[in-house]
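> target06.cif is the file, holding mmCIF, C-alpha atoms; chains and numbers go by the auth columns:
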data_start
loop_
_atom_site.group_PDB
_atom_site.id
_atom_site.type_symbol
_atom_site.label_atom_id
_atom_site.label_comp_id
_atom_site.label_asym_id
_atom_site.label_seq_id
_atom_site.Cartn_x
_atom_site.Cartn_y
_atom_site.Cartn_z
_atom_site.B_iso_or_equiv
_atom_site.auth_seq_id
_atom_site.auth_asym_id
ATOM 1 C CA MET A 1 13.812 -18.855 5.599 0.00 1 A
ATOM 2 C CA GLU A 2 12.527 -16.840 2.630 0.00 2 A
ATOM 3 C CA GLU A 3 15.262 -15.034 0.712 0.00 3 A
ATOM 4 C CA LEU A 4 15.268 -11.327 1.506 0.00 4 A
ATOM 5 C CA THR A 5 15.702 -9.319 -1.701 0.00 5 A
ATOM 6 C CA PHE A 6 15.552 -5.571 -2.227 0.00 6 A
ATOM 7 C CA GLY A 7 13.220 -5.884 -5.220 0.00 7 A
ATOM 8 C CA SER A 8 10.598 -7.961 -3.425 0.00 8 A
ATOM 9 C CA CYS A 9 10.721 -5.679 -0.385 0.00 9 A
ATOM 10 C CA VAL A 10 10.264 -2.481 -2.413 0.00 10 A
ATOM 11 C CA TRP A 11 7.520 -4.014 -4.580 0.00 11 A
ATOM 12 C CA GLU A 12 5.560 -5.461 -1.658 0.00 12 A
ATOM 13 C CA SER A 13 5.933 -2.253 0.358 0.00 13 A
ATOM 14 C CA TRP A 14 4.421 -0.093 -2.375 0.00 14 A
ATOM 15 C CA LEU A 15 1.771 -2.706 -3.161 0.00 15 A
ATOM 16 C CA GLN A 16 0.683 -2.918 0.472 0.00 16 A
ATOM 17 C CA GLY A 17 0.837 0.858 0.769 0.00 17 A
ATOM 18 C CA GLY A 18 -1.484 1.171 -2.231 0.00 18 A
ATOM 19 C CA ARG A 19 -3.951 -1.196 -0.596 0.00 19 A
ATOM 20 C CA PHE A 20 -3.963 0.955 2.522 0.00 20 A
ATOM 21 C CA VAL A 21 -4.648 4.111 0.500 0.00 21 A
ATOM 22 C CA ARG A 22 -7.537 2.392 -1.320 0.00 22 A
ATOM 23 C CA HIS A 23 -9.118 1.272 1.950 0.00 23 A
ATOM 24 C CA ASN A 24 -8.402 4.510 3.871 0.00 24 A
ATOM 25 C CA PRO A 25 -8.458 7.447 1.408 0.00 25 A
ATOM 26 C CA LEU A 26 -9.990 9.814 3.954 0.00 26 A
ATOM 27 C CA THR A 27 -7.256 9.031 6.479 0.00 27 A
ATOM 28 C CA VAL A 28 -4.532 9.861 3.959 0.00 28 A
ATOM 29 C CA ILE A 29 -6.283 13.033 2.796 0.00 29 A
ATOM 30 C CA ALA A 30 -6.803 14.131 6.402 0.00 30 A
ATOM 31 C CA ALA A 31 -3.109 13.593 7.162 0.00 31 A
ATOM 32 C CA ILE A 32 -2.088 15.660 4.123 0.00 32 A
ATOM 33 C CA VAL A 33 -4.496 18.479 4.997 0.00 33 A
ATOM 34 C CA VAL A 34 -3.436 18.592 8.663 0.00 34 A
ATOM 35 C CA LEU A 35 0.280 18.620 7.818 0.00 35 A
ATOM 36 C CA ALA A 36 -0.162 21.265 5.111 0.00 36 A
ATOM 37 C CA ALA A 37 -2.347 23.468 7.312 0.00 37 A
ATOM 38 C CA SER A 38 -0.012 23.281 10.308 0.00 38 A
ATOM 39 C CA GLY A 39 3.009 24.080 8.133 0.00 39 A
ATOM 40 C CA VAL A 40 1.370 27.003 6.324 0.00 40 A
ATOM 41 C CA ILE A 41 -0.072 28.449 9.554 0.00 41 A
ATOM 42 C CA ALA A 42 3.323 28.287 11.251 0.00 42 A
ATOM 43 C CA ILE A 43 5.041 30.066 8.351 0.00 43 A
ATOM 44 C CA THR A 44 2.289 32.661 7.896 0.00 44 A
ATOM 45 C CA GLN A 45 2.060 33.594 11.556 0.00 45 A
ATOM 46 C CA TYR A 46 5.645 33.227 12.730 0.00 46 A
ATOM 47 C CA GLY A 47 7.889 33.058 9.674 0.00 47 A
ATOM 48 C CA VAL A 48 10.547 30.482 8.894 0.00 48 A
ATOM 49 C CA HIS A 49 12.830 31.363 11.805 0.00 49 A
ATOM 50 C CA PRO A 50 11.514 32.086 15.325 0.00 50 A
ATOM 51 C CA SER A 51 11.820 35.722 16.326 0.00 51 A
ATOM 52 C CA PRO A 52 13.966 36.515 19.397 0.00 52 A
ATOM 53 C CA SER A 53 11.106 38.707 20.637 0.00 53 A
ATOM 54 C CA ALA A 54 8.508 35.959 20.296 0.00 54 A
ATOM 55 C CA THR A 55 6.006 35.825 23.136 0.00 55 A
ATOM 56 C CA LEU A 56 5.205 32.832 25.277 0.00 56 A
ATOM 57 C CA THR A 57 1.851 32.487 23.527 0.00 57 A
ATOM 58 C CA SER A 58 3.401 32.316 20.061 0.00 58 A
ATOM 59 C CA GLY A 59 5.919 29.787 21.343 0.00 59 A
ATOM 60 C CA LEU A 60 3.132 27.620 22.726 0.00 60 A
ATOM 61 C CA VAL A 61 1.218 27.849 19.451 0.00 61 A
ATOM 62 C CA ARG A 62 4.295 26.737 17.502 0.00 62 A
ATOM 63 C CA LEU A 63 4.756 23.883 19.959 0.00 63 A
ATOM 64 C CA ALA A 64 1.109 22.874 19.508 0.00 64 A
ATOM 65 C CA LEU A 65 1.542 22.824 15.717 0.00 65 A
ATOM 66 C CA GLU A 66 4.612 20.602 16.053 0.00 66 A
ATOM 67 C CA LEU A 67 2.698 18.279 18.381 0.00 67 A
ATOM 68 C CA VAL A 68 -0.031 17.974 15.759 0.00 68 A
ATOM 69 C CA LYS A 69 2.609 16.808 13.281 0.00 69 A
ATOM 70 C CA VAL A 70 3.974 14.300 15.802 0.00 70 A
ATOM 71 C CA ILE A 71 0.480 12.902 16.393 0.00 71 A
ATOM 72 C CA VAL A 72 -0.021 12.418 12.648 0.00 72 A
ATOM 73 C CA MET A 73 3.420 10.788 12.376 0.00 73 A
ATOM 74 C CA ILE A 74 2.379 8.273 15.044 0.00 74 A
ATOM 75 C CA MET A 75 -1.247 7.615 14.134 0.00 75 A
ATOM 76 C CA LEU A 76 -0.655 7.072 10.408 0.00 76 A
ATOM 77 C CA PRO A 77 2.119 4.425 10.728 0.00 77 A
ATOM 78 C CA VAL A 78 0.222 2.632 13.502 0.00 78 A
ATOM 79 C CA GLN A 79 -2.908 2.415 11.371 0.00 79 A
ATOM 80 C CA VAL A 80 -0.883 1.269 8.345 0.00 80 A
ATOM 81 C CA MET A 81 0.787 -1.507 10.339 0.00 81 A
ATOM 82 C CA ARG A 82 -2.483 -2.632 11.899 0.00 82 A
ATOM 83 C CA HIS A 83 -4.102 -2.661 8.461 0.00 83 A
ATOM 84 C CA ALA A 84 -1.284 -4.779 7.034 0.00 84 A
ATOM 85 C CA MET A 85 -0.866 -7.164 9.981 0.00 85 A
ATOM 86 C CA LEU A 86 -4.372 -7.398 11.434 0.00 86 A
ATOM 87 C CA GLU A 87 -6.456 -6.407 8.393 0.00 87 A
ATOM 88 C CA GLU A 88 -7.968 -3.606 10.437 0.00 88 A
ATOM 89 C CA HIS A 89 -9.466 -1.326 7.797 0.00 89 A
ATOM 90 C CA GLU A 90 -10.764 1.436 10.065 0.00 90 A
ATOM 91 C CA SER A 91 -9.426 3.364 13.035 0.00 91 A
ATOM 92 C CA SER A 92 -10.290 1.672 16.295 0.00 92 A
ATOM 93 C CA ALA A 93 -10.870 3.387 19.620 0.00 93 A
ATOM 94 C CA SER A 94 -8.882 0.575 21.233 0.00 94 A
ATOM 95 C CA TRP A 95 -5.605 2.171 20.125 0.00 95 A
ATOM 96 C CA LEU A 96 -6.508 5.737 19.161 0.00 96 A
ATOM 97 C CA PHE A 97 -4.828 7.707 21.981 0.00 97 A
ATOM 98 C CA GLY A 98 -4.922 4.494 23.990 0.00 98 A
ATOM 99 C CA LYS A 99 -2.176 2.235 25.302 0.00 99 A
ATOM 100 C CA ILE A 100 -0.873 1.380 21.843 0.00 100 A
ATOM 101 C CA PHE A 101 -0.480 5.043 20.930 0.00 101 A
ATOM 102 C CA TRP A 102 1.472 5.844 24.109 0.00 102 A
ATOM 103 C CA ARG A 103 3.615 2.702 23.874 0.00 103 A
ATOM 104 C CA TYR A 104 4.531 3.610 20.305 0.00 104 A
ATOM 105 C CA LEU A 105 5.376 7.150 21.399 0.00 105 A
ATOM 106 C CA TRP A 106 7.431 5.840 24.323 0.00 106 A
ATOM 107 C CA VAL A 107 9.481 3.512 22.091 0.00 107 A
ATOM 108 C CA GLY A 108 10.202 6.382 19.715 0.00 108 A
ATOM 109 C CA LEU A 109 11.131 8.810 22.500 0.00 109 A
ATOM 110 C CA LEU A 110 13.372 6.291 24.222 0.00 110 A
ATOM 111 C CA LEU A 111 15.213 5.533 20.995 0.00 111 A
ATOM 112 C CA VAL A 112 15.662 9.257 20.342 0.00 112 A
ATOM 113 C CA ILE A 113 17.037 9.769 23.865 0.00 113 A
ATOM 114 C CA ILE A 114 19.478 6.871 23.435 0.00 114 A
ATOM 115 C CA CYS A 115 20.607 8.248 20.068 0.00 115 A
ATOM 116 C CA ILE A 116 21.135 11.711 21.567 0.00 116 A
ATOM 117 C CA ALA A 117 23.220 10.151 24.348 0.00 117 A
ATOM 118 C CA ILE A 118 25.340 8.308 21.768 0.00 118 A
ATOM 119 C CA LEU A 119 25.856 11.495 19.755 0.00 119 A
ATOM 120 C CA ALA A 120 26.784 13.411 22.901 0.00 120 A
ATOM 121 C CA LEU A 121 29.362 10.790 23.902 0.00 121 A
ATOM 122 C CA VAL A 122 30.903 10.525 20.432 0.00 122 A
ATOM 123 C CA PHE A 123 31.065 14.253 19.736 0.00 123 A
ATOM 124 C CA GLY A 124 32.056 15.033 23.320 0.00 124 A
ATOM 125 C CA GLY A 125 34.955 12.598 23.063 0.00 125 A
ATOM 126 C CA GLY A 126 35.804 13.964 19.626 0.00 126 A
ATOM 127 C CA PHE A 127 35.830 17.523 20.958 0.00 127 A
ATOM 128 C CA LEU A 128 38.203 16.623 23.788 0.00 128 A
ATOM 129 C CA LEU A 129 40.495 14.729 21.424 0.00 129 A
ATOM 130 C CA ALA A 130 40.455 17.450 18.765 0.00 130 A
ATOM 131 C CA HIS A 131 41.073 20.124 21.392 0.00 131 A
ATOM 132 C CA SER A 132 44.273 18.345 22.440 0.00 132 A
ATOM 133 C CA LEU A 133 45.658 18.314 18.879 0.00 133 A
ATOM 134 C CA GLU A 134 47.577 21.206 17.373 0.00 134 A
ATOM 135 C CA SER A 135 47.248 20.253 13.713 0.00 135 A
ATOM 136 C CA ARG A 136 44.140 21.606 12.004 0.00 136 A
ATOM 137 C CA VAL A 137 44.195 18.690 9.571 0.00 137 A
ATOM 138 C CA LEU A 138 44.174 16.158 12.414 0.00 138 A
ATOM 139 C CA ARG A 139 41.345 18.028 14.140 0.00 139 A
ATOM 140 C CA SER A 140 39.286 17.956 10.949 0.00 140 A
ATOM 141 C CA PHE A 141 40.056 14.256 10.549 0.00 141 A
ATOM 142 C CA VAL A 142 38.872 13.564 14.110 0.00 142 A
ATOM 143 C CA TRP A 143 35.588 15.403 13.464 0.00 143 A
ATOM 144 C CA ILE A 144 35.005 13.537 10.188 0.00 144 A
ATOM 145 C CA VAL A 145 35.711 10.150 11.769 0.00 145 A
ATOM 146 C CA GLY A 146 33.550 11.067 14.762 0.00 146 A
ATOM 147 C CA GLY A 147 30.667 12.023 12.483 0.00 147 A
ATOM 148 C CA VAL A 148 30.903 8.778 10.519 0.00 148 A
ATOM 149 C CA VAL A 149 31.077 6.713 13.722 0.00 149 A
ATOM 150 C CA ALA A 150 28.078 8.556 15.202 0.00 150 A
ATOM 151 C CA VAL A 151 25.958 8.053 12.074 0.00 151 A
ATOM 152 C CA CYS A 152 26.874 4.353 11.902 0.00 152 A
ATOM 153 C CA LEU A 153 26.101 3.749 15.586 0.00 153 A
ATOM 154 C CA VAL A 154 22.740 5.531 15.417 0.00 154 A
ATOM 155 C CA THR A 155 21.816 3.725 12.183 0.00 155 A
ATOM 156 C CA ILE A 156 22.729 0.330 13.632 0.00 156 A
ATOM 157 C CA LEU A 157 20.835 0.986 16.866 0.00 157 A
ATOM 158 C CA TRP A 158 17.691 2.264 15.136 0.00 158 A
ATOM 159 C CA THR A 159 17.726 -0.565 12.600 0.00 159 A
ATOM 160 C CA ARG A 160 18.329 -3.337 15.132 0.00 160 A
ATOM 161 C CA LEU A 161 15.366 -2.125 17.188 0.00 161 A
ATOM 162 C CA SER A 162 13.113 -1.105 14.276 0.00 162 A
ATOM 163 C CA LEU A 163 10.903 -4.200 14.541 0.00 163 A
ATOM 164 C CA LEU A 164 9.691 -2.879 17.895 0.00 164 A
ATOM 165 C CA PHE A 165 7.504 -0.295 16.156 0.00 165 A
ATOM 166 C CA CYS A 166 5.506 -2.929 14.287 0.00 166 A
ATOM 167 C CA HIS A 167 5.474 -5.147 17.387 0.00 167 A
ATOM 168 C CA VAL A 168 3.966 -2.367 19.513 0.00 168 A
ATOM 169 C CA ALA A 169 1.581 -1.179 16.780 0.00 169 A
ATOM 170 C CA ILE A 170 -0.215 -4.547 16.684 0.00 170 A
ATOM 171 C CA GLY A 171 -0.782 -4.417 20.441 0.00 171 A
ATOM 172 C CA ARG A 172 2.122 -6.458 21.813 0.00 172 A
ATOM 173 C CA THR A 173 4.538 -5.347 24.530 0.00 173 A
ATOM 174 C CA GLY A 174 8.214 -5.714 25.374 0.00 174 A
ATOM 175 C CA GLY A 175 10.684 -7.225 22.968 0.00 175 A
ATOM 176 C CA TRP A 176 13.748 -4.966 23.045 0.00 176 A
ATOM 177 C CA ARG A 177 16.187 -7.852 23.371 0.00 177 A
ATOM 178 C CA ALA A 178 14.115 -10.005 20.990 0.00 178 A
ATOM 179 C CA SER A 179 14.145 -7.294 18.308 0.00 179 A
ATOM 180 C CA TRP A 180 17.902 -6.964 18.700 0.00 180 A
ATOM 181 C CA HIS A 181 18.237 -10.724 18.256 0.00 181 A
ATOM 182 C CA ASP A 182 15.893 -11.038 15.255 0.00 182 A
ATOM 183 C CA THR A 183 17.632 -8.308 13.229 0.00 183 A
ATOM 184 C CA ARG A 184 21.130 -9.718 13.728 0.00 184 A
ATOM 185 C CA GLY A 185 22.936 -9.817 10.393 0.00 185 A
ATOM 186 C CA HIS A 186 20.230 -7.824 8.594 0.00 186 A
ATOM 187 C CA VAL A 187 21.162 -4.229 9.512 0.00 187 A
ATOM 188 C CA TRP A 188 22.322 -2.997 6.122 0.00 188 A
ATOM 189 C CA ARG A 189 19.635 -4.978 4.275 0.00 189 A
ATOM 190 C CA ILE A 190 16.921 -3.291 6.350 0.00 190 A
ATOM 191 C CA GLY A 191 18.495 0.153 6.034 0.00 191 A
ATOM 192 C CA LEU A 192 19.092 -0.041 2.282 0.00 192 A
ATOM 193 C CA SER A 193 15.615 -1.466 1.693 0.00 193 A
ATOM 194 C CA HIS A 194 14.070 1.554 3.399 0.00 194 A
ATOM 195 C CA LEU A 195 16.253 3.895 1.319 0.00 195 A
ATOM 196 C CA LEU A 196 15.305 2.163 -1.940 0.00 196 A
ATOM 197 C CA THR A 197 11.630 2.118 -0.960 0.00 197 A
ATOM 198 C CA ALA A 198 11.728 5.871 -0.317 0.00 198 A
ATOM 199 C CA LEU A 199 13.717 6.642 -3.493 0.00 199 A
ATOM 200 C CA PRO A 200 10.651 7.252 -5.725 0.00 200 A
ATOM 201 C CA ILE A 201 9.338 9.733 -3.151 0.00 201 A
ATOM 202 C CA GLN A 202 12.621 11.635 -3.169 0.00 202 A
ATOM 203 C CA ILE A 203 12.623 11.733 -6.971 0.00 203 A
ATOM 204 C CA CYS A 204 9.033 13.020 -7.017 0.00 204 A
ATOM 205 C CA ALA A 205 9.860 15.684 -4.415 0.00 205 A
ATOM 206 C CA ILE A 206 12.780 16.954 -6.510 0.00 206 A
ATOM 207 C CA ALA A 207 10.605 16.902 -9.637 0.00 207 A
ATOM 208 C CA LEU A 208 7.893 18.851 -7.790 0.00 208 A
ATOM 209 C CA ILE A 209 10.356 21.540 -6.708 0.00 209 A
ATOM 210 C CA LEU A 210 11.903 21.847 -10.178 0.00 210 A
ATOM 211 C CA GLY A 211 8.464 21.918 -11.790 0.00 211 A
ATOM 212 C CA ALA A 212 7.326 24.736 -9.502 0.00 212 A
ATOM 213 C CA TYR A 213 10.553 26.630 -10.202 0.00 213 A
ATOM 214 C CA PHE A 214 10.162 26.526 -13.994 0.00 214 A
ATOM 215 C CA LEU A 215 6.380 26.984 -13.923 0.00 215 A
ATOM 216 C CA PHE A 216 6.185 30.035 -11.652 0.00 216 A
ATOM 217 C CA GLY A 217 9.574 31.623 -12.248 0.00 217 A
ATOM 218 C CA ARG A 218 12.549 32.280 -10.022 0.00 218 A
ATOM 219 C CA THR A 219 11.248 35.416 -8.269 0.00 219 A
ATOM 220 C CA PHE A 220 7.872 34.045 -7.205 0.00 220 A
ATOM 221 C CA PHE A 221 9.353 30.632 -6.399 0.00 221 A
ATOM 222 C CA SER A 222 12.030 32.133 -4.127 0.00 222 A
ATOM 223 C CA ALA A 223 9.507 34.347 -2.331 0.00 223 A
ATOM 224 C CA ALA A 224 7.130 31.457 -1.733 0.00 224 A
ATOM 225 C CA LEU A 225 9.820 28.814 -1.096 0.00 225 A
ATOM 226 C CA PRO A 226 8.831 28.145 2.562 0.00 226 A
ATOM 227 C CA TYR A 227 5.242 27.504 1.470 0.00 227 A
ATOM 228 C CA TRP A 228 6.388 25.191 -1.323 0.00 228 A
ATOM 229 C CA VAL A 229 8.458 23.260 1.189 0.00 229 A
ATOM 230 C CA ALA A 230 5.503 22.998 3.595 0.00 230 A
ATOM 231 C CA VAL A 231 3.147 21.784 0.871 0.00 231 A
ATOM 232 C CA GLY A 232 5.766 19.407 -0.503 0.00 232 A
ATOM 233 C CA GLN A 233 6.344 17.912 2.934 0.00 233 A
ATOM 234 C CA SER A 234 2.608 17.481 3.473 0.00 234 A
ATOM 235 C CA LEU A 235 2.418 15.465 0.243 0.00 235 A
ATOM 236 C CA THR A 236 5.586 13.377 0.544 0.00 236 A
ATOM 237 C CA LEU A 237 5.671 12.745 4.305 0.00 237 A
ATOM 238 C CA PRO A 238 2.404 10.737 4.493 0.00 238 A
ATOM 239 C CA VAL A 239 3.479 8.644 1.500 0.00 239 A
ATOM 240 C CA GLY A 240 6.874 8.089 3.105 0.00 240 A
ATOM 241 C CA LEU A 241 5.263 7.072 6.384 0.00 241 A
ATOM 242 C CA ILE A 242 2.941 4.642 4.608 0.00 242 A
ATOM 243 C CA VAL A 243 5.552 2.827 2.499 0.00 243 A
ATOM 244 C CA GLY A 244 8.097 2.985 5.332 0.00 244 A
ATOM 245 C CA SER A 245 5.585 1.279 7.605 0.00 245 A
ATOM 246 C CA THR A 246 4.732 -1.406 5.045 0.00 246 A
ATOM 247 C CA CYS A 247 8.452 -1.981 4.484 0.00 247 A
ATOM 248 C CA LEU A 248 8.835 -2.537 8.227 0.00 248 A
ATOM 249 C CA VAL A 249 5.871 -4.933 8.180 0.00 249 A
ATOM 250 C CA TRP A 250 7.571 -6.879 5.373 0.00 250 A
ATOM 251 C CA PHE A 251 10.666 -7.409 7.532 0.00 251 A
ATOM 252 C CA TYR A 252 8.626 -8.088 10.673 0.00 252 A
ATOM 253 C CA ARG A 253 6.793 -10.952 8.972 0.00 253 A
ATOM 254 C CA ARG A 254 10.070 -12.528 7.872 0.00 254 A
ATOM 255 C CA LEU A 255 12.440 -11.834 10.767 0.00 255 A
ATOM 256 C CA ALA A 256 10.358 -11.522 13.961 0.00 256 A
ATOM 257 C CA ASN A 257 10.807 -15.096 15.172 0.00 257 A
ATOM 258 C CA THR A 258 11.908 -14.335 18.738 0.00 258 A
ATOM 259 C CA LEU A 259 9.446 -11.440 19.008 0.00 259 A
ATOM 260 C CA LEU A 260 6.499 -13.624 18.029 0.00 260 A
ATOM 261 C CA ASP A 261 7.483 -16.227 20.626 0.00 261 A
ATOM 262 C CA LEU A 262 7.068 -13.696 23.429 0.00 262 A
ATOM 263 C CA PRO A 263 3.992 -14.220 25.659 0.00 263 A
#
Please render this file's structure as structure tokens.

Amino acid sequence: MEELTFGSCVWESWLQGGRFVRHNPLTVIAAIVVLAASGVIAITQYGVHPSPSATLTSGLVRLALELVKVIVMIMLPVQVMRHAMLEEHESSASWLFGKIFWRYLWVGLLLVIICIAILALVFGGGFLLAHSLESRVLRSFVWIVGGVVAVCLVTILWTRLSLLFCHVAIGRTGGWRASWHDTRGHVWRIGLSHLLTALPIQICAIALILGAYFLFGRTFFSAALPYWVAVGQSLTLPVGLIVGSTCLVWFYRRLANTLLDLP
């Protein structure tokens, strides 16, 4: 088996991500514009925090804007993975809002539901245990341990099943147990590789915020902070989705032995 190193993963992820951007510049630009527009519209019309007196219509509009973001966060990774795995350079009607789209959404939703259940069990048990203790120090310790355990369990679960996203994106089905088997012993390598791959994006985001702060001054920057955040997210999120997807493809090609044996 090929040696799995952080350097090769990060390098290949960004290299493959650059190829996708070169072949699909309009897709990337469209994703940035849609995310920026939805964020700015939401802030302009409804503010940062929802008003208690908000009407049903405004609530539905906010929900629609969030759904637009979700659609972009599904369509972009799917297209990136199909480009990397199948050399599909253009969007195809075979998966655009088709079975592949809904399977990808279903995998994501199911994983989120499982993670919420885990968090509920851990924090519910922690609450009952902390409630039975008289010492404030012990109660704080229980909450800290519970938080660490919850984060570790969710990270392990999401990482062990992460190959499913690439598996579904290229049009294949099933594979929950196979993904769990293929990622055995590679949890922290996969997790740290994704963190290192995303590190340049985080550095650029911080630099963008600091640059805006010193360029426009504290008063204007503070007043327009929600808009800066929305624009910053629209720039960094698509890049993060692209390199995160290519990072997942890198691991899928090297670890998905059981998955690829499925009929």
> What is the CA of Ile170 (chain A)-CA of Phe251 (chain A) distance in Å, reported with one decimal?
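Atom-to-atom, CA of Ile170 (chain A) and CA of Phe251 (chain A) are spaced 14.5 Å apart.
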> Nearest to Ser13 (chain A): which of A:Ala198, A:Ala178, A:Leu215, A:Val148 is it, counting all atoms listed in the file?
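Of the candidates, the smallest distance to Ser13 (chain A) is held by A:Ala198.
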> Which residue, A:Met73, A:Ala224, A:Ile100, A:Leu248, has the smallest gap to Ala212 (chain A) when you use all atoms listed in the file?
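Among the listed residues, the smallest separation from Ala212 (chain A) belongs to A:Ala224.
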> Using all atoms listed in the file, which residues sit within 8 Å of region 53-68 of chain A once same-chain residues fewer than 5 positions away are excluded, as JSON, numbers by chain?
{"A": [34, 35, 38, 39, 42, 46]}
> Calculated over only C-alpha atoms, which of the candidates A:Val231, A:Phe20, A:Leu255, A:Val149 has the smallest distance to Arg189 (chain A)?
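Between A:Val231, A:Phe20, A:Leu255, A:Val149, the residue approaching Arg189 (chain A) most closely is A:Leu255.
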> I'd like to know which of A:Gln79, A:Ser132, A:Thr258, A:Thr236 is closest to Leu164 (chain A), using all atoms listed in the file.
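Smallest separation from Leu164 (chain A) among the options: A:Thr258.
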> Evaluating the PyMOL selection byres ((chain A and resi 118) around 12) on the displayed file yields which residues, as an mmCIF file with C-alpha atoms, in the coordinates of the input?

data_model
loop_
_atom_site.group_PDB
_atom_site.id
_atom_site.type_symbol
_atom_site.label_atom_id
_atom_site.label_comp_id
_atom_site.auth_asym_id
_atom_site.auth_seq_id
_atom_site.Cartn_x
_atom_site.Cartn_y
_atom_site.Cartn_z
ATOM 1 C CA LEU A 111 15.213 5.533 20.995
ATOM 2 C CA VAL A 112 15.662 9.257 20.342
ATOM 3 C CA ILE A 113 17.037 9.769 23.865
ATOM 4 C CA ILE A 114 19.478 6.871 23.435
ATOM 5 C CA CYS A 115 20.607 8.248 20.068
ATOM 6 C CA ILE A 116 21.135 11.711 21.567
ATOM 7 C CA ALA A 117 23.220 10.151 24.348
ATOM 8 C CA LEU A 119 25.856 11.495 19.755
ATOM 9 C CA ALA A 120 26.784 13.411 22.901
ATOM 10 C CA LEU A 121 29.362 10.790 23.902
ATOM 11 C CA VAL A 122 30.903 10.525 20.432
ATOM 12 C CA PHE A 123 31.065 14.253 19.736
ATOM 13 C CA GLY A 124 32.056 15.033 23.320
ATOM 14 C CA GLY A 125 34.955 12.598 23.063
ATOM 15 C CA GLY A 146 33.550 11.067 14.762
ATOM 16 C CA GLY A 147 30.667 12.023 12.483
ATOM 17 C CA VAL A 149 31.077 6.713 13.722
ATOM 18 C CA ALA A 150 28.078 8.556 15.202
ATOM 19 C CA VAL A 151 25.958 8.053 12.074
ATOM 20 C CA CYS A 152 26.874 4.353 11.902
ATOM 21 C CA LEU A 153 26.101 3.749 15.586
ATOM 22 C CA VAL A 154 22.740 5.531 15.417
ATOM 23 C CA THR A 155 21.816 3.725 12.183
ATOM 24 C CA ILE A 156 22.729 0.330 13.632
ATOM 25 C CA LEU A 157 20.835 0.986 16.866
ATOM 26 C CA TRP A 158 17.691 2.264 15.136
#
> Using all atoms listed in the file for the distances, tell me which of A:Arg254, A:Trp228, A:Gly185, A:Val239 is nearest to Gln16 (chain A).
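Of A:Arg254, A:Trp228, A:Gly185, A:Val239, the one nearest Gln16 (chain A) is A:Val239, counting all atoms listed in the file.
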> Excluding Leu192 (chain A) and any residue of its chain fewer than 2 positions from it, enumerate the residues within 12 Å of it, using only C-alpha atoms, and give them as a ChimeraX atom specification.
/A:4-7,9-10,155-156,159,186-190,194-199,244,247
> Between A:Met85, A:Leu133, A:Leu161, A:Ile43, which is the closest to His181 (chain A) once you count all atoms listed in the file?
A:Leu161
> Would you kindly translate the PyMOL selection byres ((chain A and resi 205) around 12) into the concrete residues it picks from this file, as a count of residues only?
26
> In Å, how far is it from CA of Val33 (chain A) to CA of Pro226 (chain A)?
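Those two atoms sit 16.6 Å apart.
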> State, in Å with one decimal place, the distance from CA of Leu225 (chain A) to CA of Ile29 (chain A).
22.9 Å
> Determine, counting all atoms listed in the file, which protein, DNA and RNA residues have an atom within 12 Å of an atom of Gly174 (chain A); residues of the same chain fewer than 4 positions away are not included. Present the result as an MDAnalysis selection string.
chainID A and resid 103:104 106:107 161 163:169 178:180 258:263
> With the file shown as input, list the residues that the PyMOL selection byres ((chain A and resi 76) around 9) selects, as a PyMOL selection string.
chain A and resi 27-28+31+71-75+77-81+238+241-242+245
